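As stored in structure_39.cif (mmCIF, C-alpha atoms):
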data_coords
loop_
_atom_site.label_atom_id
_atom_site.label_comp_id
_atom_site.auth_asym_id
_atom_site.auth_seq_id
_atom_site.Cartn_x
_atom_site.Cartn_y
_atom_site.Cartn_z
CA ASP A 1 -34.73 10.80 13.63
CA ALA A 2 -31.01 11.43 13.72
CA GLY A 3 -28.79 8.54 12.76
CA VAL A 4 -25.57 7.47 14.42
CA ILE A 5 -23.40 10.53 14.88
CA GLN A 6 -19.62 10.29 14.89
CA SER A 7 -17.01 12.93 15.48
CA PRO A 8 -14.61 14.05 14.26
CA ARG A 9 -15.16 13.14 10.62
CA HIS A 10 -11.50 13.61 9.87
CA GLU A 11 -8.51 13.65 12.19
CA VAL A 12 -4.89 14.13 11.29
CA THR A 13 -2.42 13.78 14.12
CA GLU A 14 1.18 12.99 14.77
CA MET A 15 2.53 9.74 16.07
CA GLY A 16 2.43 9.58 19.83
CA GLN A 17 -0.56 11.85 20.25
CA GLU A 18 -3.78 10.79 21.93
CA VAL A 19 -6.82 10.38 19.71
CA THR A 20 -10.40 10.29 20.94
CA LEU A 21 -13.24 9.30 18.63
CA ARG A 22 -16.81 9.88 19.70
CA CYS A 23 -20.12 8.26 18.90
CA LYS A 24 -23.75 8.97 19.67
CA PRO A 25 -25.93 5.94 18.87
CA ILE A 26 -29.53 6.04 17.74
CA SER A 27 -31.83 6.64 20.68
CA GLY A 28 -33.34 3.38 21.92
CA HIS A 29 -30.66 1.15 20.45
CA ASN A 30 -29.04 -0.99 23.11
CA SER A 31 -26.05 -2.38 21.22
CA LEU A 32 -23.09 -0.32 20.05
CA PHE A 33 -20.21 -1.50 17.90
CA TRP A 34 -16.85 -0.04 16.93
CA TYR A 35 -15.31 -1.22 13.66
CA ARG A 36 -12.07 -0.33 11.94
CA GLN A 37 -11.77 -0.43 8.15
CA THR A 38 -8.51 -0.61 6.22
CA MET A 39 -7.66 -1.77 2.74
CA MET A 40 -5.51 -4.57 4.08
CA ARG A 41 -7.73 -5.92 6.85
CA GLY A 42 -11.23 -4.97 5.75
CA LEU A 43 -13.88 -4.33 8.41
CA GLU A 44 -12.68 -5.47 11.80
CA LEU A 45 -14.89 -5.54 14.87
CA LEU A 46 -12.95 -3.90 17.69
CA ILE A 47 -15.43 -3.97 20.55
CA TYR A 48 -19.14 -4.01 21.18
CA PHE A 49 -21.36 -2.99 24.05
CA ASN A 50 -24.78 -4.15 25.14
CA ASN A 51 -26.73 -1.93 27.53
CA ASN A 52 -23.54 0.11 28.04
CA VAL A 53 -21.54 -2.93 29.15
CA PRO A 54 -18.58 -4.13 27.06
CA ILE A 55 -19.36 -7.65 25.89
CA ASP A 56 -16.42 -8.55 23.67
CA ASP A 57 -13.24 -6.54 23.27
CA SER A 58 -11.18 -9.32 21.73
CA GLY A 59 -10.80 -7.30 18.55
CA MET A 60 -9.06 -4.40 20.24
CA PRO A 61 -5.57 -4.57 18.75
CA GLU A 62 -3.56 -3.74 21.85
CA ASP A 63 -3.51 -1.88 25.11
CA ARG A 64 -3.15 1.42 23.33
CA PHE A 65 -6.83 1.14 22.42
CA SER A 66 -9.61 1.64 24.94
CA ALA A 67 -13.35 2.18 24.64
CA LYS A 68 -15.98 3.37 27.05
CA MET A 69 -19.70 3.79 27.08
CA PRO A 70 -20.60 5.85 30.15
CA ASN A 71 -24.27 6.06 29.20
CA ALA A 72 -26.72 4.92 26.56
CA SER A 73 -26.15 7.93 24.35
CA PHE A 74 -22.38 8.22 24.18
CA SER A 75 -19.29 6.15 23.53
CA THR A 76 -15.62 6.92 22.98
CA LEU A 77 -12.76 5.05 21.38
CA LYS A 78 -9.37 6.25 22.52
CA ILE A 79 -5.94 5.52 21.09
CA GLN A 80 -2.98 6.49 23.24
CA PRO A 81 -0.32 6.76 21.97
CA SER A 82 -1.30 6.70 18.31
CA GLU A 83 0.88 5.12 15.63
CA PRO A 84 0.89 5.40 11.82
CA ARG A 85 -0.51 1.87 11.51
CA ASP A 86 -3.65 3.05 13.32
CA SER A 87 -4.57 5.10 10.25
CA ALA A 88 -7.99 3.86 9.14
CA VAL A 89 -11.65 4.68 9.01
CA TYR A 90 -13.34 3.97 12.32
CA PHE A 91 -17.04 3.25 12.20
CA CYS A 92 -19.47 3.28 15.04
CA ALA A 93 -22.75 1.42 14.61
CA SER A 94 -25.77 0.77 16.77
CA SER A 95 -28.62 -1.69 16.70
CA LEU A 96 -31.58 -3.17 18.48
CA PRO A 97 -31.11 -6.73 19.67
CA SER A 98 -31.54 -9.58 17.24
CA VAL A 99 -33.95 -11.82 19.09
CA PRO A 100 -36.68 -14.26 18.18
CA GLY A 101 -39.73 -12.37 17.04
CA GLU A 102 -43.30 -12.96 18.08
CA ARG A 103 -44.18 -14.64 14.80
CA GLY A 104 -41.33 -17.10 14.97
CA GLY A 105 -38.90 -15.15 12.87
CA LEU A 106 -36.04 -13.02 14.05
CA GLU A 107 -36.02 -9.32 14.62
CA THR A 108 -33.29 -8.27 12.27
CA GLY A 109 -31.01 -6.41 14.60
CA GLU A 110 -29.47 -4.68 11.61
CA LEU A 111 -26.61 -2.29 12.14
CA PHE A 112 -27.02 1.42 11.58
CA PHE A 113 -23.65 2.96 10.81
CA GLY A 114 -22.29 6.41 11.40
CA GLU A 115 -20.43 8.14 8.60
CA GLY A 116 -17.08 7.11 10.05
CA SER A 117 -14.05 8.93 11.39
CA ARG A 118 -11.09 8.95 9.05
CA LEU A 119 -7.90 8.92 11.12
CA THR A 120 -4.49 9.68 9.70
CA VAL A 121 -1.48 9.33 11.97
CA LEU A 122 1.68 10.85 10.55
CA ALA B 1 -16.53 -19.47 15.92
CA GLN B 2 -18.49 -17.65 13.29
CA LYS B 3 -16.90 -16.81 9.95
CA ILE B 4 -17.96 -15.11 6.74
CA THR B 5 -16.23 -15.80 3.42
CA GLN B 6 -16.56 -13.75 0.27
CA THR B 7 -14.40 -15.31 -2.42
CA GLN B 8 -14.80 -12.68 -5.14
CA PRO B 9 -12.52 -9.70 -4.49
CA GLY B 10 -13.80 -7.92 -7.60
CA MET B 11 -16.36 -8.33 -10.36
CA PHE B 12 -17.12 -6.55 -13.60
CA VAL B 13 -20.65 -6.72 -15.00
CA GLN B 14 -22.33 -5.13 -17.98
CA GLU B 15 -25.11 -2.68 -17.19
CA LYS B 16 -28.59 -4.24 -17.10
CA GLU B 17 -27.23 -7.72 -16.50
CA ALA B 18 -27.96 -9.65 -13.32
CA VAL B 19 -25.11 -10.30 -10.94
CA THR B 20 -24.60 -12.76 -8.09
CA LEU B 21 -22.23 -11.99 -5.23
CA ASP B 22 -21.14 -15.03 -3.27
CA CYS B 23 -21.17 -15.40 0.50
CA THR B 24 -20.63 -18.47 2.63
CA TYR B 25 -20.73 -18.58 6.38
CA ASP B 26 -19.83 -20.86 9.22
CA THR B 27 -21.66 -21.09 12.50
CA SER B 28 -22.68 -23.76 14.96
CA ASP B 29 -25.77 -21.85 16.01
CA GLN B 30 -29.25 -22.58 14.78
CA SER B 31 -30.45 -19.01 15.14
CA TYR B 32 -28.67 -16.34 13.15
CA GLY B 33 -29.24 -13.51 10.75
CA LEU B 34 -27.48 -12.70 7.49
CA PHE B 35 -27.09 -9.20 6.09
CA TRP B 36 -25.78 -7.50 3.01
CA TYR B 37 -24.42 -3.97 3.06
CA LYS B 38 -23.33 -1.70 0.23
CA GLN B 39 -20.47 0.77 0.56
CA PRO B 40 -20.22 3.25 -2.35
CA SER B 41 -17.10 5.27 -2.96
CA SER B 42 -18.43 7.96 -0.64
CA GLY B 43 -17.83 5.55 2.23
CA GLU B 44 -21.17 5.18 3.99
CA MET B 45 -22.51 1.74 4.84
CA ILE B 46 -25.97 1.09 3.43
CA PHE B 47 -28.11 -1.83 4.62
CA LEU B 48 -29.59 -3.75 1.69
CA ILE B 49 -31.27 -6.95 2.77
CA TYR B 50 -31.70 -9.39 5.66
CA GLN B 51 -32.35 -13.14 5.90
CA GLY B 52 -33.15 -14.92 9.14
CA SER B 53 -32.08 -18.51 9.59
CA TYR B 54 -35.67 -19.54 10.24
CA ASP B 55 -37.02 -17.83 7.14
CA GLU B 56 -38.07 -20.44 4.62
CA GLN B 57 -38.46 -18.01 1.77
CA ASN B 58 -35.61 -16.04 0.21
CA ALA B 59 -35.62 -12.39 1.14
CA THR B 60 -36.27 -9.81 -1.55
CA GLU B 61 -35.99 -6.00 -1.53
CA GLY B 62 -36.64 -4.40 -4.87
CA ARG B 63 -33.85 -5.41 -7.25
CA TYR B 64 -32.03 -7.27 -4.46
CA SER B 65 -32.71 -10.84 -3.51
CA LEU B 66 -30.89 -13.22 -1.26
CA ASN B 67 -30.35 -16.78 -2.45
CA PHE B 68 -30.33 -18.55 0.91
CA GLN B 69 -29.18 -22.17 0.92
CA LYS B 70 -29.06 -23.19 4.55
CA ALA B 71 -27.62 -26.67 4.06
CA ARG B 72 -24.76 -25.24 2.04
CA LYS B 73 -24.40 -22.29 4.42
CA SER B 74 -24.50 -19.82 1.60
CA ALA B 75 -26.30 -16.49 1.31
CA ASN B 76 -25.60 -15.07 -2.12
CA LEU B 77 -26.83 -11.61 -3.08
CA VAL B 78 -28.50 -11.32 -6.47
CA ILE B 79 -28.87 -7.90 -8.09
CA SER B 80 -31.19 -7.90 -11.05
CA ALA B 81 -30.91 -5.42 -13.92
CA SER B 82 -27.71 -3.84 -12.65
CA GLN B 83 -27.29 -0.08 -12.85
CA LEU B 84 -24.21 2.15 -12.91
CA GLY B 85 -25.07 3.24 -9.38
CA ASP B 86 -24.62 -0.32 -8.18
CA SER B 87 -20.84 0.06 -8.50
CA ALA B 88 -19.62 -0.26 -4.92
CA MET B 89 -18.16 -2.59 -2.32
CA TYR B 90 -20.60 -5.18 -1.04
CA PHE B 91 -20.24 -6.83 2.35
CA CYS B 92 -21.93 -9.93 3.68
CA ALA B 93 -22.38 -10.10 7.46
CA MET B 94 -23.75 -12.47 10.06
CA ARG B 95 -25.18 -12.10 13.53
CA GLU B 96 -25.63 -15.05 15.80
CA VAL B 97 -28.65 -14.94 18.11
CA TYR B 98 -27.90 -16.64 21.37
CA SER B 99 -28.72 -13.78 23.64
CA SER B 100 -29.81 -10.21 23.42
CA ALA B 101 -26.13 -9.36 23.01
CA SER B 102 -24.47 -10.70 19.89
CA LYS B 103 -21.81 -9.44 17.58
CA ILE B 104 -21.97 -8.92 13.84
CA ILE B 105 -19.00 -9.92 11.73
CA PHE B 106 -18.32 -9.03 8.12
CA GLY B 107 -16.74 -10.73 5.16
CA SER B 108 -13.87 -9.18 3.23
CA GLY B 109 -16.16 -7.70 0.63
CA THR B 110 -16.60 -7.78 -3.14
CA ARG B 111 -15.93 -4.74 -5.29
CA LEU B 112 -18.57 -4.61 -8.02
CA SER B 113 -17.99 -2.48 -11.09
CA ILE B 114 -20.79 -1.94 -13.59
CA ARG B 115 -19.72 -1.26 -17.18
CA PRO B 116 -21.94 1.02 -19.31
#
Since I need it in another form, could you write the structure as structure tokens?
Amino acid sequence: DAGVIQSPRHEVTEMGQEVTLRCKPISGHNSLFWYRQTMMRGLELLIYFNNNVPIDDSGMPEDRFSAKMPNASFSTLKIQPSEPRDSAVYFCASSLPSVPGERGGLETGELFFGEGSRLTVL
Amino acid sequence: AQKITQTQPGMFVQEKEAVTLDCTYDTSDQSYGLFWYKQPSSGEMIFLIYQGSYDEQNATEGRYSLNFQKARKSANLVISASQLGDSAMYFCAMREVYSSASKIIFGSGTRLSIRP
């Protein structure tokens, strides 16, 4: 099975330009997460969706950032206008729900990550 | 609010030695899961091991084990017989389980370097 697919892998753009990052989650996964990774701030959760509905976008840095999930197999993260401080690696990840299992344990709900999109804003 | 703390920014360990990476967490929930991920220099995120809050036994996966101390809210990763390929960033993460929708947050990571 294909894993989480992100595009583009690398993007170099100039300040003020619009950037769109794309993600295709693993088929059957109902949760999708967008993270941003920088040296200074580590791995930050930007937003996550459950069954295509945004659940928590409190990590989105400002109004320049927006994310959509129009269907179960596609999500976008858009930055408009982009700024140099947005330079980072953006990861998309998907998972099954972490819920109590039949035997009393928990289904893990582990994250499956894409390879990331490295964004450089000049 | 949930929080993950990794207090070791970097560690150096001699090859073949065991190493323990620290992780403490804070949550008010009774149901949660704890994860460790490895990120080598190539950048991909690799899932290593999982521990559920209801699991009474420590999780093990090959050379990885998780030292879970629920009362102390710690979930340390133990790597036995370290190898050069273990050099990487290691992240601890937590997922609260209060509904089918729950977020996963990460600690700041520990950079592990294995000396030959």
Atom pair CA of Pro97 in chain A + CA of Ile46 in chain B, distance 18.7 Å
Restricting to all atoms listed in the file, whichever of A:Asn71, A:Ser31, A:Ser7, A:Thr38 is closest to chain B is A:Ser31
- [ ] Please return, as number ranges by chain, all polymer residues that have at least one atom within 12 Å of the point (-35.3, -16.5, 5.5); use only C-alpha atoms and the file's own coordinate frame.
- [x] A: 104-108; B: 31-35, 49-60, 65-70, 74-75
_Residue IDs satisfying the PyMOL selection byres ((chain B) within 8 of (chain A)), as a list in words_ =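 Selected by the PyMOL selection byres ((chain B) within 8 of (chain A)) in this file: Gly33, Phe35, Gly43, Glu44, Met45, Ile46, Phe47, Tyr50, Gly52, Tyr54, Asp55, Arg95, Val97, Ser99, Ser100, Ala101, Ser102, Lys103, Ile104, Ile105, Phe106, Gly107, Ser108 and Gly109 of chain B.
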Need the shell around Gln83 in chain B: protein/DNA/RNA residues with any atom at most 8 Å away, counting all atoms listed in the file. Skip same-chain ones fewer than 3 positions apart. Format as a CSV table (one decimal) with C-alpha atoms, in the coordinates of the input?
chain,number,residue,atom,x,y,z
B,15,GLU,CA,-25.1,-2.7,-17.2
B,16,LYS,CA,-28.6,-4.2,-17.1
B,86,ASP,CA,-24.6,-0.3,-8.2
B,87,SER,CA,-20.8,0.1,-8.5
B,114,ILE,CA,-20.8,-1.9,-13.6
message: What would the selection look like, as a list in words, if the PyMOL selection byres ((chain B and resi 38) around 7) were run on the coordinates I just shared?
response: Trp36, Tyr37, Gln39, Pro40, Met45, Ile46, Phe47, Leu48, Ala88, Met89, Tyr90 and Phe91 of chain B
Notebook entry, point to check: Written as a PyMOL selection string, which residues does the PyMOL selection byres ((chain A and resi 2) around 10) give for the file shown?
Noted result: chain A and resi 1+3-5+24-27
TODO: May I have the protein, DNA and RNA residues with any atom at most 10 Å from the point (0.2, 12.2, 21.5), counting all atoms listed in the file, written as a list in words?
DONE: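 Protein, DNA and RNA residues close to (0.2, 12.2, 21.5): Thr13, Glu14, Met15, Gly16, Gln17, Glu18, Val19, Ile79, Gln80, Pro81, Ser82 and Glu83 of chain A.
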Restricting to all atoms listed in the file, whichever of A:Ser117, A:Ser94, A:Leu122, A:Arg9 is closest to Phe74 in chain A is A:Ser94
- Message: At a cut-off of 7 Å, using only C-alpha atoms, what residues contact Ala18 in chain B? Leave out same-chain residues fewer than 5 positions from it and give the result as a PyMOL selection string.
- Response: chain B and resi 79-82
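Note that CA of His10 in chain A and CA of Asp63 in chain A are 23.2 Å apart.
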From CA of Pro61 in chain A to CA of Met94 in chain B the spacing works out at 21.6 Å
**Report entry** Nearest residue to Leu77 in chain B from the set B:Met11, B:Ile4, B:Cys92, B:Leu112 (distances using all atoms listed in the file)
**Finding:**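 Ranked by minimum distance to Leu77 in chain B, first place goes to B:Cys92.
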Env of Thr7 in chain B: 8 Å cut, atoms = all atoms listed in the file, seq-sep filter 6 positions within chain, self excluded. Answer as a ChimeraX atom specification.
/B:22-23,110
Final all heavy atoms of range 17-28 of chain A as a PDB file, keeping the file's coordinate frame:
ATOM      1  N   GLN A  17       0.517  11.053  19.684  1.00  0.00           N
ATOM      2  CA  GLN A  17      -0.560  11.850  20.250  1.00  0.00           C
ATOM      3  C   GLN A  17      -1.752  10.975  20.625  1.00  0.00           C
ATOM      4  O   GLN A  17      -1.963   9.892  20.073  1.00  0.00           O
ATOM      5  CB  GLN A  17      -1.011  12.919  19.247  1.00  0.00           C
ATOM      6  CG  GLN A  17       0.060  13.945  18.916  1.00  0.00           C
ATOM      7  CD  GLN A  17       0.481  14.734  20.138  1.00  0.00           C
ATOM      8  OE1 GLN A  17      -0.355  15.332  20.814  1.00  0.00           O
ATOM      9  NE2 GLN A  17       1.767  14.717  20.431  1.00  0.00           N
ATOM     10  N   GLU A  18      -2.537  11.474  21.550  1.00  0.00           N
ATOM     11  CA  GLU A  18      -3.780  10.790  21.930  1.00  0.00           C
ATOM     12  C   GLU A  18      -4.890  11.167  20.974  1.00  0.00           C
ATOM     13  O   GLU A  18      -5.016  12.331  20.576  1.00  0.00           O
ATOM     14  CB  GLU A  18      -4.169  11.177  23.352  1.00  0.00           C
ATOM     15  CG  GLU A  18      -5.476  10.550  23.824  1.00  0.00           C
ATOM     16  CD  GLU A  18      -5.799  10.936  25.256  1.00  0.00           C
ATOM     17  OE1 GLU A  18      -5.056  10.528  26.166  1.00  0.00           O
ATOM     18  OE2 GLU A  18      -6.819  11.632  25.467  1.00  0.00           O
ATOM     19  N   VAL A  19      -5.680  10.175  20.603  1.00  0.00           N
ATOM     20  CA  VAL A  19      -6.820  10.380  19.710  1.00  0.00           C
ATOM     21  C   VAL A  19      -8.069   9.894  20.409  1.00  0.00           C
ATOM     22  O   VAL A  19      -8.088   8.798  20.983  1.00  0.00           O
ATOM     23  CB  VAL A  19      -6.634   9.607  18.390  1.00  0.00           C
ATOM     24  CG1 VAL A  19      -7.891   9.692  17.538  1.00  0.00           C
ATOM     25  CG2 VAL A  19      -5.421  10.136  17.618  1.00  0.00           C
ATOM     26  N   THR A  20      -9.112  10.700  20.380  1.00  0.00           N
ATOM     27  CA  THR A  20     -10.400  10.290  20.940  1.00  0.00           C
ATOM     28  C   THR A  20     -11.476  10.423  19.871  1.00  0.00           C
ATOM     29  O   THR A  20     -11.690  11.515  19.335  1.00  0.00           O
ATOM     30  CB  THR A  20     -10.778  11.124  22.162  1.00  0.00           C
ATOM     31  OG1 THR A  20      -9.789  10.948  23.186  1.00  0.00           O
ATOM     32  CG2 THR A  20     -12.133  10.676  22.711  1.00  0.00           C
ATOM     33  N   LEU A  21     -12.135   9.328  19.570  1.00  0.00           N
ATOM     34  CA  LEU A  21     -13.240   9.300  18.630  1.00  0.00           C
ATOM     35  C   LEU A  21     -14.534   9.159  19.412  1.00  0.00           C
ATOM     36  O   LEU A  21     -14.589   8.413  20.395  1.00  0.00           O
ATOM     37  CB  LEU A  21     -13.067   8.142  17.642  1.00  0.00           C
ATOM     38  CG  LEU A  21     -11.723   8.080  16.920  1.00  0.00           C
ATOM     39  CD1 LEU A  21     -11.686   6.862  15.997  1.00  0.00           C
ATOM     40  CD2 LEU A  21     -11.456   9.349  16.148  1.00  0.00           C
ATOM     41  N   ARG A  22     -15.565   9.837  18.945  1.00  0.00           N
ATOM     42  CA  ARG A  22     -16.810   9.880  19.700  1.00  0.00           C
ATOM     43  C   ARG A  22     -17.979   9.363  18.885  1.00  0.00           C
ATOM     44  O   ARG A  22     -17.987   9.473  17.645  1.00  0.00           O
ATOM     45  CB  ARG A  22     -17.089  11.317  20.148  1.00  0.00           C
ATOM     46  CG  ARG A  22     -16.024  11.857  21.097  1.00  0.00           C
ATOM     47  CD  ARG A  22     -16.199  13.341  21.387  1.00  0.00           C
ATOM     48  NE  ARG A  22     -15.222  13.810  22.349  1.00  0.00           N
ATOM     49  CZ  ARG A  22     -13.976  14.135  22.036  1.00  0.00           C
ATOM     50  NH1 ARG A  22     -13.549  14.052  20.793  1.00  0.00           N
ATOM     51  NH2 ARG A  22     -13.154  14.548  22.988  1.00  0.00           N
ATOM     52  N   CYS A  23     -18.956   8.844  19.579  1.00  0.00           N
ATOM     53  CA  CYS A  23     -20.120   8.260  18.900  1.00  0.00           C
ATOM     54  C   CYS A  23     -21.368   8.463  19.729  1.00  0.00           C
ATOM     55  O   CYS A  23     -21.388   8.219  20.941  1.00  0.00           O
ATOM     56  CB  CYS A  23     -19.893   6.767  18.655  1.00  0.00           C
ATOM     57  SG  CYS A  23     -21.319   5.920  17.922  1.00  0.00           S
ATOM     58  N   LYS A  24     -22.422   8.886  19.055  1.00  0.00           N
ATOM     59  CA  LYS A  24     -23.750   8.970  19.670  1.00  0.00           C
ATOM     60  C   LYS A  24     -24.639   7.994  18.927  1.00  0.00           C
ATOM     61  O   LYS A  24     -24.934   8.203  17.740  1.00  0.00           O
ATOM     62  CB  LYS A  24     -24.302  10.379  19.576  1.00  0.00           C
ATOM     63  CG  LYS A  24     -25.709  10.542  20.123  1.00  0.00           C
ATOM     64  CD  LYS A  24     -26.158  11.996  20.026  1.00  0.00           C
ATOM     65  CE  LYS A  24     -27.649  12.142  20.301  1.00  0.00           C
ATOM     66  NZ  LYS A  24     -28.047  11.588  21.606  1.00  0.00           N
ATOM     67  N   PRO A  25     -25.086   6.931  19.570  1.00  0.00           N
ATOM     68  CA  PRO A  25     -25.930   5.940  18.870  1.00  0.00           C
ATOM     69  C   PRO A  25     -27.353   6.455  18.680  1.00  0.00           C
ATOM     70  O   PRO A  25     -27.732   7.491  19.233  1.00  0.00           O
ATOM     71  CB  PRO A  25     -25.906   4.742  19.821  1.00  0.00           C
ATOM     72  CG  PRO A  25     -25.716   5.347  21.178  1.00  0.00           C
ATOM     73  CD  PRO A  25     -24.833   6.541  20.966  1.00  0.00           C
ATOM     74  N   ILE A  26     -28.116   5.716  17.924  1.00  0.00           N
ATOM     75  CA  ILE A  26     -29.530   6.040  17.740  1.00  0.00           C
ATOM     76  C   ILE A  26     -30.257   5.791  19.057  1.00  0.00           C
ATOM     77  O   ILE A  26     -30.052   4.749  19.710  1.00  0.00           O
ATOM     78  CB  ILE A  26     -30.138   5.198  16.607  1.00  0.00           C
ATOM     79  CG1 ILE A  26     -29.525   5.629  15.269  1.00  0.00           C
ATOM     80  CG2 ILE A  26     -31.654   5.319  16.567  1.00  0.00           C
ATOM     81  CD1 ILE A  26     -29.934   4.757  14.100  1.00  0.00           C
ATOM     82  N   SER A  27     -31.094   6.741  19.430  1.00  0.00           N
ATOM     83  CA  SER A  27     -31.830   6.640  20.680  1.00  0.00           C
ATOM     84  C   SER A  27     -32.678   5.361  20.691  1.00  0.00           C
ATOM     85  O   SER A  27     -33.378   5.048  19.728  1.00  0.00           O
ATOM     86  CB  SER A  27     -32.739   7.862  20.841  1.00  0.00           C
ATOM     87  OG  SER A  27     -33.510   7.756  22.006  1.00  0.00           O
ATOM     88  N   GLY A  28     -32.569   4.614  21.782  1.00  0.00           N
ATOM     89  CA  GLY A  28     -33.340   3.380  21.920  1.00  0.00           C
ATOM     90  C   GLY A  28     -32.569   2.132  21.523  1.00  0.00           C
ATOM     91  O   GLY A  28     -32.972   1.016  21.874  1.00  0.00           O
TER      92      GLY A  28
END
